[in-house]
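Containing JSON, C-alpha atoms: model20.json.
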```json
[["chain", "number", "residue", "atom", "x", "y", "z"],
["A", 1500, "MET", "CA", -43.50, -21.47, 1.33],
["A", 1501, "ASN", "CA", -40.04, -22.38, 0.04],
["A", 1502, "ILE", "CA", -40.38, -19.77, -2.71],
["A", 1503, "PHE", "CA", -41.40, -17.17, -0.11],
["A", 1504, "LEU", "CA", -38.46, -18.01, 2.16],
["A", 1505, "ARG", "CA", -36.05, -17.95, -0.74],
["A", 1506, "ALA", "CA", -37.34, -14.57, -1.88],
["A", 1507, "THR", "CA", -37.00, -13.23, 1.67],
["A", 1508, "ARG", "CA", -33.41, -14.40, 1.90],
["A", 1509, "ILE", "CA", -32.56, -12.80, -1.44],
["A", 1510, "ILE", "CA", -34.11, -9.49, -0.36],
["A", 1511, "CYS", "CA", -32.20, -9.55, 2.92],
["A", 1512, "PHE", "CA", -29.00, -10.38, 1.09],
["A", 1513, "LEU", "CA", -29.50, -7.45, -1.28],
["A", 1514, "ILE", "CA", -30.01, -5.18, 1.71],
["A", 1515, "PHE", "CA", -26.71, -6.43, 3.14],
["A", 1516, "LEU", "CA", -25.07, -5.85, -0.22],
["A", 1517, "PHE", "CA", -25.51, -2.11, 0.14],
["A", 1518, "MET", "CA", -24.88, -1.88, 3.87],
["A", 1519, "PRO", "CA", -21.38, -1.05, 5.16],
["A", 1520, "CYS", "CA", -19.79, -3.61, 7.40],
["A", 1521, "VAL", "CA", -19.54, -1.63, 10.63],
["A", 1522, "SER", "CA", -18.54, -4.16, 13.25],
["A", 1523, "ASN", "CA", -14.82, -3.54, 12.68],
["A", 1524, "ALA", "CA", -13.53, -0.30, 11.16],
["A", 1525, "GLN", "CA", -10.17, -1.91, 10.44],
["A", 1526, "GLY", "CA", -11.92, -4.39, 8.21],
["A", 1527, "GLU", "CA", -13.61, -1.88, 5.92],
["A", 1528, "PRO", "CA", -12.45, -2.62, 2.35],
["A", 1529, "SER", "CA", -10.17, -0.08, 0.72],
["A", 1530, "SER", "CA", -8.27, -0.02, -2.55],
["A", 1531, "ASN", "CA", -5.69, 2.26, -0.95],
["A", 1532, "TRP", "CA", -3.29, -0.49, 0.10],
["A", 1533, "TRP", "CA", -0.56, 2.07, 0.84],
["A", 1534, "GLU", "CA", -2.58, 3.60, 3.69],
["A", 1535, "ASN", "CA", -2.86, 0.61, 5.99],
["A", 1536, "ASN", "CA", -0.56, -2.07, 4.53],
["A", 1537, "MET", "CA", -3.53, -4.27, 3.66],
["A", 1538, "VAL", "CA", -5.40, -5.38, 0.57],
["A", 1539, "THR", "CA", -8.98, -6.08, 1.59],
["A", 1540, "ALA", "CA", -12.25, -7.18, -0.02],
["A", 1541, "LYS", "CA", -15.84, -7.96, 0.95],
["A", 1542, "GLY", "CA", -17.52, -11.32, 0.49],
["A", 1543, "TYR", "CA", -21.24, -12.09, 0.60],
["A", 1544, "GLY", "CA", -22.89, -15.40, 1.49],
["A", 1545, "ILE", "CA", -26.42, -16.79, 1.65],
["A", 1546, "ALA", "CA", -27.47, -20.15, 3.04],
["A", 1547, "PRO", "CA", -29.37, -22.79, 1.02],
["A", 1548, "SER", "CA", -33.12, -22.92, 1.59],
["A", 1549, "ASN", "CA", -33.16, -26.35, 3.23],
["A", 1550, "VAL", "CA", -31.19, -25.52, 6.40],
["A", 1551, "SER", "CA", -32.74, -26.63, 9.66],
["A", 1552, "SER", "CA", -31.62, -23.84, 12.02],
["A", 1553, "LEU", "CA", -30.33, -20.27, 12.12],
["A", 1554, "GLN", "CA", -26.91, -21.48, 13.29],
["A", 1555, "GLN", "CA", -26.68, -23.87, 10.36],
["A", 1556, "ALA", "CA", -27.68, -21.03, 8.02],
["A", 1557, "ARG", "CA", -24.91, -18.87, 9.47],
["A", 1558, "ASN", "CA", -22.36, -21.63, 9.06],
["A", 1559, "PHE", "CA", -23.25, -22.14, 5.40],
["A", 1560, "SER", "CA", -23.45, -18.42, 4.60],
["A", 1561, "ARG", "CA", -20.16, -17.64, 6.35],
["A", 1562, "ARG", "CA", -18.40, -20.31, 4.31],
["A", 1563, "ALA", "CA", -19.92, -18.92, 1.12],
["A", 1564, "ALA", "CA", -19.04, -15.34, 2.10],
["A", 1565, "ILE", "CA", -15.41, -16.25, 2.74],
["A", 1566, "MET", "CA", -15.11, -17.97, -0.62],
["A", 1567, "ASP", "CA", -16.68, -14.95, -2.30],
["A", 1568, "GLY", "CA", -14.26, -12.73, -0.37],
["A", 1569, "TYR", "CA", -11.30, -14.77, -1.60],
["A", 1570, "ARG", "CA", -12.50, -14.29, -5.18],
["A", 1571, "ALA", "CA", -12.85, -10.53, -4.75],
["A", 1572, "LEU", "CA", -9.52, -10.34, -2.90],
["A", 1573, "ALA", "CA", -7.73, -12.13, -5.74],
["A", 1574, "GLU", "CA", -9.01, -9.44, -8.13],
["A", 1575, "GLN", "CA", -7.76, -6.71, -5.80],
["A", 1576, "VAL", "CA", -4.33, -8.28, -5.40],
["A", 1577, "LYS", "CA", -3.91, -8.82, -9.13],
["A", 1578, "GLY", "CA", -4.66, -5.14, -9.68],
["A", 1579, "VAL", "CA", -1.85, -3.92, -7.41],
["A", 1580, "HIS", "CA", 0.79, -2.05, -9.42],
["A", 1581, "ILE", "CA", 4.39, -3.19, -9.03],
["A", 1582, "THR", "CA", 5.52, -0.43, -11.38],
["A", 1583, "ALA", "CA", 3.44, 2.03, -13.39],
["A", 1584, "GLU", "CA", 3.33, -0.43, -16.29],
["A", 1585, "THR", "CA", 3.19, -3.77, -14.49],
["A", 1586, "THR", "CA", 0.65, -5.28, -12.13],
["A", 1587, "ILE", "CA", 0.56, -8.59, -10.28],
["A", 1588, "GLU", "CA", -1.82, -9.84, -12.97],
["A", 1589, "SER", "CA", 0.40, -8.79, -15.89],
["A", 1590, "GLN", "CA", 3.35, -10.56, -14.23],
["A", 1591, "ILE", "CA", 1.24, -13.70, -13.87],
["A", 1592, "LEU", "CA", 0.34, -13.57, -17.56],
["A", 1593, "SER", "CA", 3.98, -13.09, -18.54],
["A", 1594, "GLY", "CA", 5.06, -16.01, -16.34],
["A", 1595, "ASP", "CA", 7.18, -13.87, -14.01],
["A", 1596, "ILE", "CA", 4.85, -14.63, -11.08],
["A", 1597, "VAL", "CA", 3.46, -18.10, -10.43],
["A", 1598, "GLU", "CA", -0.31, -17.88, -10.07],
["A", 1599, "SER", "CA", -0.43, -20.75, -7.58],
["A", 1600, "LYS", "CA", 1.69, -18.67, -5.19],
["A", 1601, "VAL", "CA", -0.84, -15.84, -5.40],
["A", 1602, "SER", "CA", -3.64, -18.33, -4.78],
["A", 1603, "ALA", "CA", -1.81, -19.61, -1.72],
["A", 1604, "ILE", "CA", -1.59, -16.20, -0.05],
["A", 1605, "ILE", "CA", -5.27, -15.58, -0.85],
["A", 1606, "ARG", "CA", -6.22, -18.80, 0.93],
["A", 1607, "GLY", "CA", -4.24, -17.58, 3.92],
["A", 1608, "ALA", "CA", -6.22, -14.32, 4.13],
["A", 1609, "GLU", "CA", -7.49, -13.19, 7.52],
["A", 1610, "VAL", "CA", -11.19, -12.64, 8.20],
["A", 1611, "LEU", "CA", -11.14, -9.07, 9.53],
["A", 1612, "SER", "CA", -14.86, -8.73, 10.27],
["A", 1613, "GLU", "CA", -18.18, -10.51, 9.78],
["A", 1614, "GLU", "CA", -21.83, -9.47, 9.93],
["A", 1615, "TYR", "CA", -25.00, -11.61, 9.91],
["A", 1616, "GLY", "CA", -28.53, -10.87, 8.85],
["A", 1617, "GLU", "CA", -31.54, -12.07, 10.81],
["A", 1618, "ASP", "CA", -32.00, -14.94, 8.35],
["A", 1619, "GLY", "CA", -28.34, -15.99, 8.56],
["A", 1620, "THR", "CA", -26.96, -14.15, 5.52],
["A", 1621, "CYS", "CA", -23.34, -13.12, 6.00],
["A", 1622, "VAL", "CA", -20.97, -10.36, 4.93],
["A", 1623, "VAL", "CA", -17.24, -10.71, 5.66],
["A", 1624, "VAL", "CA", -14.18, -8.60, 5.04],
["A", 1625, "VAL", "CA", -10.99, -10.51, 4.28],
["A", 1626, "GLY", "CA", -7.49, -9.14, 3.87],
["A", 1627, "ILE", "CA", -3.80, -9.91, 3.42],
["A", 1628, "PRO", "CA", -0.83, -7.70, 4.30],
["A", 1629, "VAL", "CA", 1.11, -5.92, 1.58],
["A", 1630, "TYR", "CA", 4.37, -6.24, 3.54],
["A", 1631, "GLY", "CA", 5.49, -8.34, 6.47],
["A", 1632, "GLY", "CA", 7.13, -11.51, 5.18],
["A", 1633, "VAL", "CA", 5.73, -14.73, 3.77],
["A", 1634, "ASN", "CA", 2.05, -14.71, 2.77],
["A", 1635, "SER", "CA", 2.31, -11.02, 1.84],
["A", 1636, "VAL", "CA", 1.81, -9.32, -1.51],
["A", 1637, "ALA", "CA", 5.44, -8.18, -1.45],
["A", 1638, "ASP", "CA", 6.67, -11.75, -1.15],
["A", 1639, "VAL", "CA", 4.95, -12.47, -4.47],
["A", 1640, "ALA", "CA", 5.82, -9.19, -6.21],
["A", 1641, "PHE", "CA", 9.53, -8.83, -5.40],
["A", 1642, "LYS", "CA", 11.64, -11.35, -7.28],
["A", 1643, "PRO", "CA", 15.17, -12.23, -6.12],
["A", 1644, "ALA", "CA", 17.78, -10.00, -7.77],
["A", 1645, "ASP", "CA", 21.45, -9.22, -7.37],
["A", 1646, "LYS", "CA", 21.84, -6.17, -5.14],
["A", 1647, "LYS", "CA", 23.59, -3.20, -6.76],
["A", 1648, "ASP", "CA", 25.48, -0.42, -5.00],
["A", 1649, "PHE", "CA", 23.97, 3.04, -4.92],
["A", 1650, "PRO", "CA", 25.50, 5.33, -7.55],
["A", 1651, "ARG", "CA", 28.14, 7.78, -6.44],
["A", 1652, "PRO", "CA", 27.21, 11.46, -6.41],
["A", 1653, "THR", "CA", 28.36, 13.45, -9.42],
["A", 1654, "ASN", "CA", 29.48, 16.29, -7.15],
["A", 1655, "GLN", "CA", 30.43, 15.41, -3.58],
["A", 1656, "PHE", "CA", 28.86, 17.63, -0.91],
["A", 1657, "GLN", "CA", 30.07, 18.07, 2.62],
["A", 1658, "SER", "CA", 27.87, 15.68, 4.55],
["A", 1659, "GLU", "CA", 25.81, 17.08, 7.43],
["A", 1660, "GLY", "CA", 25.23, 13.57, 8.76],
["A", 1661, "ASN", "CA", 22.69, 12.18, 11.23],
["A", 1662, "TYR", "CA", 19.74, 12.14, 8.80],
["A", 1663, "THR", "CA", 17.26, 9.44, 9.79],
["A", 1664, "GLY", "CA", 15.41, 9.22, 6.50],
["A", 1665, "LEU", "CA", 14.33, 10.91, 3.30],
["A", 1666, "ILE", "CA", 11.06, 12.68, 2.47],
["A", 1667, "ILE", "CA", 10.42, 13.46, -1.18],
["A", 1668, "ASP", "CA", 7.88, 16.27, -1.14],
["A", 1669, "CYS", "CA", 5.78, 15.93, -4.30],
["A", 1670, "GLY", "CA", 3.63, 18.93, -3.40],
["A", 1671, "ASP", "CA", 0.63, 19.18, -5.71],
["A", 1672, "LEU", "CA", 2.04, 16.75, -8.26],
["A", 1673, "ASP", "CA", -0.21, 13.75, -8.85],
["A", 1674, "LEU", "CA", 1.39, 10.76, -7.09],
["A", 1675, "LYS", "CA", 0.52, 7.18, -8.05],
["A", 1676, "PRO", "CA", 1.57, 4.63, -5.39],
["A", 1677, "VAL", "CA", 3.36, 1.53, -6.67],
["A", 1678, "LEU", "CA", 5.33, -1.22, -4.92],
["A", 1679, "SER", "CA", 8.56, -0.55, -6.82],
["A", 1680, "PRO", "CA", 9.07, 3.16, -7.54],
["A", 1681, "VAL", "CA", 12.34, 4.79, -8.64],
["A", 1682, "ILE", "CA", 13.83, 8.13, -7.64],
["A", 1683, "ARG", "CA", 15.62, 9.73, -10.59],
["A", 1684, "ASN", "CA", 17.63, 12.89, -11.12],
["A", 1685, "ALA", "CA", 16.97, 15.45, -13.85],
["A", 1686, "ASP", "CA", 19.36, 13.56, -16.16],
["A", 1687, "ASN", "CA", 17.09, 10.49, -15.88],
["A", 1688, "GLN", "CA", 19.64, 8.57, -13.80],
["A", 1689, "SER", "CA", 18.26, 6.29, -11.09],
["A", 1690, "ILE", "CA", 19.49, 7.03, -7.57],
["A", 1691, "TYR", "CA", 17.11, 4.72, -5.66],
["A", 1692, "SER", "CA", 15.46, 1.57, -6.97],
["A", 1693, "TYR", "CA", 14.57, -2.03, -6.18],
["A", 1694, "ASP", "CA", 18.03, -3.19, -7.27],
["A", 1695, "ASN", "CA", 19.69, -1.19, -4.47],
["A", 1696, "LEU", "CA", 17.89, -2.92, -1.60],
["A", 1697, "GLU", "CA", 17.97, -6.30, 0.09],
["A", 1698, "ARG", "CA", 14.93, -8.39, -0.75],
["A", 1699, "ASP", "CA", 14.27, -9.37, 2.87],
["A", 1700, "LYS", "CA", 13.91, -5.71, 3.82],
["A", 1701, "LEU", "CA", 11.67, -5.08, 0.82],
["A", 1702, "ILE", "CA", 9.34, -7.88, 1.82],
["A", 1703, "ALA", "CA", 9.31, -6.75, 5.45],
["A", 1704, "SER", "CA", 8.51, -3.07, 4.92],
["A", 1705, "GLY", "CA", 8.68, -2.11, 1.24],
["A", 1706, "MET", "CA", 10.61, 0.61, -0.56],
["A", 1707, "VAL", "CA", 8.68, 3.73, 0.47],
["A", 1708, "GLY", "CA", 5.85, 4.97, 2.60],
["A", 1709, "TYR", "CA", 3.14, 7.24, 1.19],
["A", 1710, "ALA", "CA", 1.68, 10.19, 3.08],
["A", 1711, "THR", "CA", -0.81, 12.93, 2.32],
["A", 1712, "ASN", "CA", -0.23, 16.50, 3.46],
["A", 1713, "LYS", "CA", -2.67, 17.20, 6.27],
["A", 1714, "LYS", "CA", -3.79, 20.56, 7.67],
["A", 1715, "ASN", "CA", -0.81, 21.61, 9.77],
["A", 1716, "TYR", "CA", 1.69, 20.27, 7.28],
["A", 1717, "SER", "CA", 0.08, 22.01, 4.28],
["A", 1718, "ARG", "CA", 0.16, 25.38, 6.04],
["A", 1719, "LEU", "CA", 3.95, 25.30, 6.28],
["A", 1720, "SER", "CA", 5.99, 26.86, 3.51],
["A", 1721, "TYR", "CA", 8.72, 24.66, 2.05],
["A", 1722, "ALA", "CA", 11.40, 26.67, 3.89],
["A", 1723, "ALA", "CA", 9.46, 26.31, 7.12],
["A", 1724, "GLN", "CA", 9.24, 22.56, 6.59],
["A", 1725, "ILE", "CA", 13.01, 22.36, 6.50],
["A", 1726, "LYS", "CA", 13.27, 24.26, 9.79],
["A", 1727, "ASN", "CA", 10.41, 22.48, 11.49],
["A", 1728, "LYS", "CA", 10.95, 18.79, 10.79],
["A", 1729, "LEU", "CA", 9.63, 17.76, 14.19],
["A", 1730, "MET", "CA", 6.52, 19.91, 13.72],
["A", 1731, "LEU", "CA", 6.00, 18.27, 10.34],
["A", 1732, "LEU", "CA", 6.21, 14.81, 11.82],
["A", 1733, "THR", "CA", 4.02, 15.45, 14.85],
["A", 1734, "SER", "CA", 1.35, 17.44, 13.02],
["A", 1735, "THR", "CA", 0.35, 14.61, 10.70],
["A", 1736, "SER", "CA", -1.72, 11.59, 11.57],
["A", 1737, "ALA", "CA", 0.11, 8.39, 12.52],
["A", 1738, "GLY", "CA", -1.54, 6.52, 9.67],
["A", 1739, "ASN", "CA", 0.34, 8.58, 7.12],
["A", 1740, "ASP", "CA", 3.62, 6.74, 7.73],
["A", 1741, "LEU", "CA", 5.87, 9.82, 8.06],
["A", 1742, "SER", "CA", 7.46, 8.17, 11.11],
["A", 1743, "ARG", "CA", 9.21, 5.88, 8.62],
["A", 1744, "ALA", "CA", 11.62, 8.74, 7.86],
["A", 1745, "GLY", "CA", 12.50, 9.23, 11.54],
["A", 1746, "ASN", "CA", 12.73, 12.45, 13.53],
["A", 1747, "ASN", "CA", 15.43, 14.13, 11.41],
["A", 1748, "PRO", "CA", 14.53, 13.52, 7.76],
["A", 1749, "LEU", "CA", 16.23, 15.06, 4.77],
["A", 1750, "ILE", "CA", 13.42, 16.83, 2.87],
["A", 1751, "ILE", "CA", 13.80, 17.21, -0.89],
["A", 1752, "LYS", "CA", 11.34, 18.82, -3.29],
["A", 1753, "ALA", "CA", 10.45, 16.81, -6.41],
["A", 1754, "THR", "CA", 10.63, 18.85, -9.62],
["A", 1755, "ARG", "CA", 8.27, 16.59, -11.57],
["A", 1756, "MET", "CA", 6.94, 13.03, -11.78],
["A", 1757, "SER", "CA", 7.77, 10.35, -14.34],
["A", 1758, "ASP", "CA", 6.48, 6.86, -15.17],
["A", 1759, "ASP", "CA", 2.80, 7.76, -15.10],
["A", 1760, "ASN", "CA", 3.27, 9.85, -11.94],
["A", 1761, "SER", "CA", 4.76, 6.98, -9.93],
["A", 1762, "CYS", "CA", 8.42, 8.07, -9.79],
["A", 1763, "PRO", "CA", 9.60, 11.45, -8.48],
["A", 1764, "VAL", "CA", 12.38, 13.35, -10.25],
["A", 1765, "VAL", "CA", 14.74, 15.63, -8.29],
["A", 1766, "SER", "CA", 17.40, 18.05, -9.45],
["A", 1767, "VAL", "CA", 20.93, 16.79, -10.07],
["A", 1768, "ALA", "CA", 22.18, 18.82, -7.10],
["A", 1769, "ASP", "CA", 19.49, 17.39, -4.78],
["A", 1770, "ALA", "CA", 20.22, 13.88, -6.04],
["A", 1771, "ASP", "CA", 23.90, 14.38, -5.19],
["A", 1772, "LYS", "CA", 22.93, 15.61, -1.73],
["A", 1773, "ILE", "CA", 20.76, 12.55, -1.14],
["A", 1774, "LEU", "CA", 23.54, 10.18, -2.23],
["A", 1775, "THR", "CA", 26.17, 12.04, -0.19],
["A", 1776, "GLU", "CA", 24.07, 11.96, 2.98],
["A", 1777, "ASN", "CA", 23.23, 8.31, 2.43],
["A", 1778, "GLN", "CA", 26.93, 7.46, 2.42],
["A", 1779, "ALA", "CA", 27.05, 8.87, 5.96],
["A", 1780, "SER", "CA", 23.69, 7.77, 7.37],
["A", 1781, "HIS", "CA", 22.54, 4.84, 5.13],
["A", 1782, "PHE", "CA", 18.85, 5.78, 5.30],
["A", 1783, "LEU", "CA", 18.31, 4.63, 1.72],
["A", 1784, "ASP", "CA", 19.78, 1.23, 2.55],
["A", 1785, "ASN", "CA", 17.13, 0.85, 5.24],
["A", 1786, "GLY", "CA", 14.25, 1.98, 3.01],
["A", 1787, "SER", "CA", 13.58, 4.96, 5.30],
["A", 1788, "VAL", "CA", 11.92, 6.86, 2.46],
["A", 1789, "VAL", "CA", 8.55, 8.62, 2.27],
["A", 1790, "PHE", "CA", 6.80, 10.19, -0.72],
["A", 1791, "THR", "CA", 4.31, 12.84, 0.33],
["A", 1792, "GLY", "CA", 1.98, 15.18, -1.52],
["A", 1793, "TYR", "CA", -1.49, 16.67, -1.75],
["A", 1794, "ARG", "CA", -2.64, 14.15, -4.38],
["A", 1795, "VAL", "CA", -1.79, 10.58, -3.44],
["A", 1796, "GLY", "CA", -3.58, 7.86, -5.39],
["A", 1797, "GLY", "CA", -5.37, 10.46, -7.49],
["A", 1798, "ILE", "CA", -7.22, 11.92, -4.49],
["A", 1799, "ARG", "CA", -6.75, 15.66, -3.86],
["A", 1800, "VAL", "CA", -6.58, 16.44, -0.11]]
```
Could you render the structure as C-alpha cells?
Amino acid sequence: MNIFLRATRIICFLIFLFMPCVSNAQGEPSSNWWENNMVTAKGYGIAPSNVSSLQQARNFSRRAAIMDGYRALAEQVKGVHITAETTIESQILSGDIVESKVSAIIRGAEVLSEEYGEDGTCVVVVGIPVYGGVNSVADVAFKPADKKDFPRPTNQFQSEGNYTGLIIDCGDLDLKPVLSPVIRNADNQSIYSYDNLERDKLIASGMVGYATNKKNYSRLSYAAQIKNKLMLLTSTSAGNDLSRAGNNPLIIKATRMSDDNSCPVVSVADADKILTENQASHFLDNGSVVFTGYRVGGIRV
C-alpha cells in the first residue's frame, strides 16, 4: 500500500510539474525581470508518505516547495546581468559581491502564489524585487562609488528646456537588458553611466526602463514620434514603463548598439543635445531614461 501511495504522489507531482500555476497571474515565473521589476521562480514540493492527514501533507509539501523555490530563485538571480560581461554570479566568484548577502535576499523572497494537488503536493512561485531598496537585487548589484559629474557637451546647443525624460529609440536593433548600461556617443565617450547617479536612486528605481514598441507606437514614423510624444506614451501598455520618461520626453534614435547589444550609441550631435538639455532639466540625474525597441531581450515583437 505504501508503495502504491508513493507512486500515486509521484505521478501527481509530475502532473503538477507540467501544469502552469494559474491562481495568480502576477506570480507566473518569468526571466524577463525588466518587464515587471521581479525575479521569480517556481518551487515544487511533495509530502513524505507517513503523513496522517491532508493538511499535514500540505504543510510538509509547502515547506519543501518554498525551499525548492529558493534554490531556483538563487539560480535566476545569479544569472541577472549587471553589464554585458558581468552577472551576479561572476561578481560573487570574483569576490565583488558577498554570497551571504545574496542568500539573505533569497530567504526574504515573497510567496506570490501557491497551488495544491488533491494529495497535498504543492507548487509555489516565489519572487524578489529587482529595485525598491533593501532586499532587492539592485541593493546587491550596485556597489558604492564616488559620483561623477556628467560630461559637458562638446558643442553647446540652445536648450529647449522642460524635457521630462529621455527615450533612446533602438528601433529594430537587438537590445539586451542589463542593470548597468551605458549611453555612448559615436566617439565612444560615455554620456550616461552608473558613475553619474546616486546609489540610493539606483537601488530605488534603476538606471533605465525597457519598453517594447507596441502596435500604435510601431506604426508611427520617427518624425511622427517626435511630434506625437503624448500619443506615443498613451498608445503603449502601462507595463512597458514609458511613463518613466514623463509626458514630454526627448526622443533620440540610437545609431547602433555596443557591449553585446546592451549599450546604445548615439551621434555626437545627439549626445551633445542630451547633455545640454540635461543641464536645464536634469532628467538624467533622476534616471528618467527609457530604452525602447522592437527586439528587447532577444524577442522580436
Per residue of stretch 1615-1647 of chain A within 9 Å of stretch 1674-1691 of chain A, which atom pair is closest and at what distance in Å (one decimal), using all atoms listed in the file, listed by chain and increasing number, as a Markdown table?
```
| residue | atom | partner | partner_atom | distance |
| --- | --- | --- | --- | --- |
| A:Ala1637 | CA | A:Leu1678 | CA | 7.8 |
| A:Ala1640 | CA | A:Leu1678 | CA | 8.1 |
| A:Phe1641 | CA | A:Ser1679 | CA | 8.5 |
```
Local residues around (12.6, -12.4, -4.6), at most 10 Å away, using all atoms listed in the file, as a PyMOL selection string: chain A and resi 1637-1645+1697-1699+1701-1702
Among listed residues A:Val1795, A:Ala1603, A:Ile1773, A:Ala1563, nearest A:Ile1750 (using all atoms listed in the file): A:Ile1773
Work out how far atom CA of A:Gly1705 is from atom CA of A:Gly1786, in Å to one decimal.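 Going from atom CA of A:Gly1786 over to atom CA of A:Gly1705, I get 7.1 Å.
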Find the residues around A:Glu1659 up to 10 Å (only C-alpha atoms counted), leave out those fewer than 6 positions away in its own chain, and share them as a PDB file with C-alpha atoms, in the coordinates of the input.
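Contents of part_38.pdb, freshly written:
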```
ATOM      1  CA  LYS A1772      22.930  15.610  -1.730  1.00  0.00           C
ATOM      2  CA  THR A1775      26.170  12.040  -0.190  1.00  0.00           C
ATOM      3  CA  GLU A1776      24.070  11.960   2.980  1.00  0.00           C
ATOM      4  CA  ALA A1779      27.050   8.870   5.960  1.00  0.00           C
ATOM      5  CA  SER A1780      23.690   7.770   7.370  1.00  0.00           C
TER       6      SER A1780
END
```
Counting only C-alpha atoms, what is within 9 Å of A:Lys1600, bar same-chain residues fewer than 4 positions away, as a PyMOL selection string? chain A and resi 1596+1604-1605+1634+1639
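Nearest to A:Tyr1543 of all the residues A:Ala1744, A:Cys1762, A:Ile1565, A:Ile1627 is A:Ile1565, based on all atoms listed in the file.
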Interatomic distance (Å, one decimal) between atom CA of A:Ser1761 and atom CA of A:Phe1649: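 Between atom CA of A:Ser1761 and atom CA of A:Phe1649 the gap works out to 20.2 Å.
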Option closest in space to A:Gly1544, from A:Ala1564, A:Val1579, A:Ile1667, A:Ala1753 [counting only C-alpha atoms]: A:Ala1564
With a cut-off of 12 Å, could you pull out the residues of stretch 1531-1599 of chain A touching stretch 1609-1612 of chain A and give me the nearest pair of atoms for each, distance in Å to one decimal, using only C-alpha atoms, ordered by chain and ascending number, as a Markdown table?
```
| residue | atom | partner | partner_atom | distance |
| --- | --- | --- | --- | --- |
| A:Met1537 | CA | A:Glu1609 | CA | 10.5 |
| A:Val1538 | CA | A:Glu1609 | CA | 10.7 |
| A:Thr1539 | CA | A:Leu1611 | CA | 8.8 |
| A:Ala1540 | CA | A:Leu1611 | CA | 9.8 |
| A:Lys1541 | CA | A:Ser1612 | CA | 9.4 |
| A:Gly1542 | CA | A:Val1610 | CA | 10.1 |
| A:Arg1561 | CA | A:Val1610 | CA | 10.4 |
| A:Arg1562 | CA | A:Val1610 | CA | 11.2 |
| A:Ala1564 | CA | A:Val1610 | CA | 10.3 |
| A:Ile1565 | CA | A:Val1610 | CA | 7.8 |
| A:Met1566 | CA | A:Val1610 | CA | 11.0 |
| A:Gly1568 | CA | A:Val1610 | CA | 9.1 |
| A:Tyr1569 | CA | A:Glu1609 | CA | 10.0 |
| A:Leu1572 | CA | A:Glu1609 | CA | 11.0 |
```
Any idea what the distance is between atom CA of A:Asn1760 and atom CA of A:Pro1628?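 So the two atoms, atom CA of A:Asn1760 and atom CA of A:Pro1628, lie 24.3 Å apart.
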For A:Ser1787, please output as a PDB file with C-alpha atoms, in the coordinates of the input all residues within 8 Å (counting only C-alpha atoms; exclusion window: fewer than 2 positions along the same chain).
```pdb
ATOM      1  CA  THR A1663      17.260   9.440   9.790  1.00  0.00           C
ATOM      2  CA  GLY A1664      15.410   9.220   6.500  1.00  0.00           C
ATOM      3  CA  LEU A1665      14.330  10.910   3.300  1.00  0.00           C
ATOM      4  CA  MET A1706      10.610   0.610  -0.560  1.00  0.00           C
ATOM      5  CA  VAL A1707       8.680   3.730   0.470  1.00  0.00           C
ATOM      6  CA  ARG A1743       9.210   5.880   8.620  1.00  0.00           C
ATOM      7  CA  ALA A1744      11.620   8.740   7.860  1.00  0.00           C
ATOM      8  CA  GLY A1745      12.500   9.230  11.540  1.00  0.00           C
ATOM      9  CA  PHE A1782      18.850   5.780   5.300  1.00  0.00           C
ATOM     10  CA  LEU A1783      18.310   4.630   1.720  1.00  0.00           C
ATOM     11  CA  ASP A1784      19.780   1.230   2.550  1.00  0.00           C
ATOM     12  CA  ASN A1785      17.130   0.850   5.240  1.00  0.00           C
ATOM     13  CA  VAL A1789       8.550   8.620   2.270  1.00  0.00           C
TER      14      VAL A1789
END
```
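Remark: for A:Thr1585, the closest of the candidate residues A:Asp1668, A:Thr1653, A:Asp1758, A:Tyr1693 is A:Asp1758 (distances computed over only C-alpha atoms).
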Leaving out stretch 1552-1558 of chain A and any residue of its chain fewer than 6 positions from it, which residues lie within 10 Å of it when counting only C-alpha atoms, given as an mmCIF file with C-alpha atoms, in the coordinates of the input?
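The file below, selection_18.cif, is the result:
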```
data_model
loop_
_atom_site.group_PDB
_atom_site.id
_atom_site.type_symbol
_atom_site.label_atom_id
_atom_site.label_comp_id
_atom_site.auth_asym_id
_atom_site.auth_seq_id
_atom_site.Cartn_x
_atom_site.Cartn_y
_atom_site.Cartn_z
ATOM 1 C CA GLY A 1544 -22.890 -15.400 1.490
ATOM 2 C CA ILE A 1545 -26.420 -16.790 1.650
ATOM 3 C CA ALA A 1546 -27.470 -20.150 3.040
ATOM 4 C CA ALA A 1564 -19.040 -15.340 2.100
ATOM 5 C CA GLU A 1614 -21.830 -9.470 9.930
ATOM 6 C CA TYR A 1615 -25.000 -11.610 9.910
ATOM 7 C CA GLY A 1616 -28.530 -10.870 8.850
ATOM 8 C CA GLU A 1617 -31.540 -12.070 10.810
ATOM 9 C CA ASP A 1618 -32.000 -14.940 8.350
ATOM 10 C CA GLY A 1619 -28.340 -15.990 8.560
ATOM 11 C CA THR A 1620 -26.960 -14.150 5.520
ATOM 12 C CA CYS A 1621 -23.340 -13.120 6.000
#
```
